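Read the structure below first, then the notes.
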Amino acid sequence: MRGRETSLRTEEMLLNVGPQHPSTHGVFRLVLRIDGEIIREAQPRIGYLHRGTEKLAEDLTYNQIIPYTDRMDYLNAMNNNHAVVLAVEKLMELEIPERAEYLRVITTELNRVASHLVWFGTYLLDIGALSPFLYAFKDREKIVELFNELCGARLTYNYMRVGGVKWDAPDGWLEKVKDLITYLRQQHQVYMDLVGGNEIFQARVKGVGRYDARTAVEYGLSGANLRCTGVKRDLRRDRPYSIYDRFDFDIPVSTDGDCRDRFFLRMEEILQSLRIVEQAVEGIPDGPIMAKISRVIRPPAGEVYSAVENPRGELGIHLVSKGKDKPWRLHWKRPSFSNLQILPHLLEGENVANLIAILGAVDIVLGDVDA
């Protein structure tokens, strides 16, 4: 009408993101308050599907705890096994047989590669590319098949024991690992040719979800989420555990702190893990795979904190013993739970279109969020 000014009226809206995956029923959702296409507020809700792993451990013997760690991060069972046995062995001041140490390194690093392959494939799938997902899962399957030969499982391995490992490598297994290293290096170049230089992918992730080193440290980030800001921290090098101090490998870092950096860091970490596995396979000695320990494990009274570098960052365990066959208290420091905290900072003021690129680049495994 004449003389009446018109203006566009907008109202804020609450948008629930997730759960949309079969494993996320009640585990995690993101509640967004959006104004048009802009995110004004982001609230991560981790839900109520808490499995009580820490409390259950108080009623389990030390080796009985290990199967529960398989399920905490279902893409990273070997590293979870490693964390809990290292803590008990540290408390007991136990010396592990050389062959067992080498087998631990080989399996944890292969598991790191498998985990990064899942992230690579699903991240590209989430932002609109189907082919990388098919490549990644085809190649991850080769690692899974080797683990199946080693311990009879494809996902929840239950492989490590306090004092060593449960099974030795079967005949010909190490030769298959050697062949796989060569194959995966070739495939890594295929991944980079397919995705790394793709202009659409670069535009989707470059400069998105950026933060600096101070912010990363303040939020307690670890893994690639920390190293993408120029902070060169990796527990395998900074606090060497097992026999990692014997191997020659690099710690990839970058400084832009965006989704693009986090992508390329994880891809470079695949190559470094293959480099470690290659050295371990070449140097593995013969000998026993278990230390001589009593059937019932009773660490001395005391407490210890032990941590490993898992694919998502620092996985720590605080263990308190009263000298009995079961822990008095056990608490996990889970990397996905810590890394999750930065999401509101990254998303508030961001365009909704960048949500999936940011969320996926943080690399959160939901079982690791709510253990």
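FYI, nothing fancy with the structure tokens labels: chains A, B, ... in order, residues from 1 per chain, ligands from 1 as they appear.
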Which neighbours of range 128-141 of chain A fall inside 9 Å, counting only C-alpha atoms, when residues of the same chain fewer than 4 positions from it are skipped, and could you give them as a CSV table (one decimal) with N, CA and C atoms, in the first residue's frame?
```csv
chain,number,residue,atom,x,y,z
A,113,VAL,N,45.6,-46.7,10.6
A,113,VAL,CA,45.4,-46.5,9.2
A,113,VAL,C,43.9,-46.8,8.8
A,114,ALA,N,43.5,-48.0,9.4
A,114,ALA,CA,42.1,-48.4,9.1
A,114,ALA,C,41.1,-47.3,9.6
A,115,SER,N,41.3,-46.7,10.7
A,115,SER,CA,40.5,-45.7,11.3
A,115,SER,C,40.5,-44.5,10.4
A,117,LEU,N,41.1,-44.4,7.3
A,117,LEU,CA,40.5,-44.7,6.0
A,117,LEU,C,38.9,-44.5,6.2
A,118,VAL,N,38.4,-45.0,7.3
A,118,VAL,CA,37.0,-44.8,7.5
A,118,VAL,C,36.6,-43.3,7.6
A,119,TRP,N,37.5,-42.6,8.3
A,119,TRP,CA,37.2,-41.1,8.3
A,119,TRP,C,37.3,-40.5,6.9
A,120,PHE,N,38.3,-40.8,6.2
A,120,PHE,CA,38.4,-40.3,4.8
A,120,PHE,C,37.2,-40.6,4.0
A,121,GLY,N,36.8,-41.8,4.0
A,121,GLY,CA,35.7,-42.2,3.1
A,121,GLY,C,34.4,-41.6,3.5
A,122,THR,N,34.1,-41.6,4.8
A,122,THR,CA,32.8,-41.0,5.3
A,122,THR,C,32.8,-39.5,5.3
A,123,TYR,N,33.9,-38.9,5.5
A,123,TYR,CA,34.0,-37.4,5.4
A,123,TYR,C,33.6,-36.9,4.0
A,124,LEU,N,34.2,-37.6,3.0
A,124,LEU,CA,33.9,-37.2,1.6
A,124,LEU,C,32.5,-37.5,1.3
A,145,GLU,N,40.9,-58.0,7.3
A,145,GLU,CA,41.1,-59.4,7.0
A,145,GLU,C,42.4,-59.9,7.7
A,146,LEU,N,43.4,-59.0,7.8
A,146,LEU,CA,44.6,-59.4,8.5
A,146,LEU,C,44.4,-59.5,10.0
A,184,LEU,N,49.1,-50.1,0.0
A,184,LEU,CA,48.4,-49.0,0.6
A,184,LEU,C,49.2,-47.7,0.3
A,187,GLN,N,47.9,-46.8,-3.1
A,187,GLN,CA,46.5,-46.4,-3.0
A,187,GLN,C,46.4,-45.0,-2.4
A,191,TYR,N,44.2,-41.8,-3.6
A,191,TYR,CA,43.3,-40.9,-2.9
A,191,TYR,C,43.6,-39.5,-3.1
A,194,LEU,N,42.6,-38.3,-6.5
A,194,LEU,CA,41.1,-38.3,-6.6
A,194,LEU,C,40.6,-37.1,-5.9
A,195,VAL,N,41.1,-36.7,-4.7
A,195,VAL,CA,40.5,-35.7,-3.8
A,195,VAL,C,41.4,-34.5,-3.6
A,201,PHE,N,36.4,-29.8,-3.8
A,201,PHE,CA,36.7,-30.2,-2.4
A,201,PHE,C,37.5,-29.0,-1.8
```
Can you tell me, as a list of chain:residue names, what residues are no more than 7 Å from range 230-247 of chain A when counting only C-alpha atoms, ignoring any on the same chain fewer than 6 positions away?
->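 After dropping sequence-adjacent residues, the list is A:Glu101, A:Ala213, A:Val253, A:Ser254, A:Thr255, A:Ile276, A:Gln279, A:Val308, A:Glu309.
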Taking into account only C-alpha atoms, which residue in the set A:Leu56, A:Ala77, A:Ala301, A:Ala216 is nearest to Asp368 in chain A?
-> A:Ala77
Would you please give, as a PyMOL selection string, all residues of range 132-279 of chain A that DSSP assigns to strand (DSSP E) based on the backbone?
-> chain A and resi 160-161+164-165
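The two atoms in question, CA of Ala83 in chain A and CA of Glu303 in chain A, are spaced 14.8 Å apart.
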When distances are computed from only C-alpha atoms, which of A:Glu218, A:Asp59, A:Ala280, A:Leu15 shows the smallest separation from Ile181 in chain A?
-> A:Ala280
Grab the CA of Gly164 in chain A to CA of Ala291 in chain A distance for me, in Å with one decimal place.
-> 6.3 Å
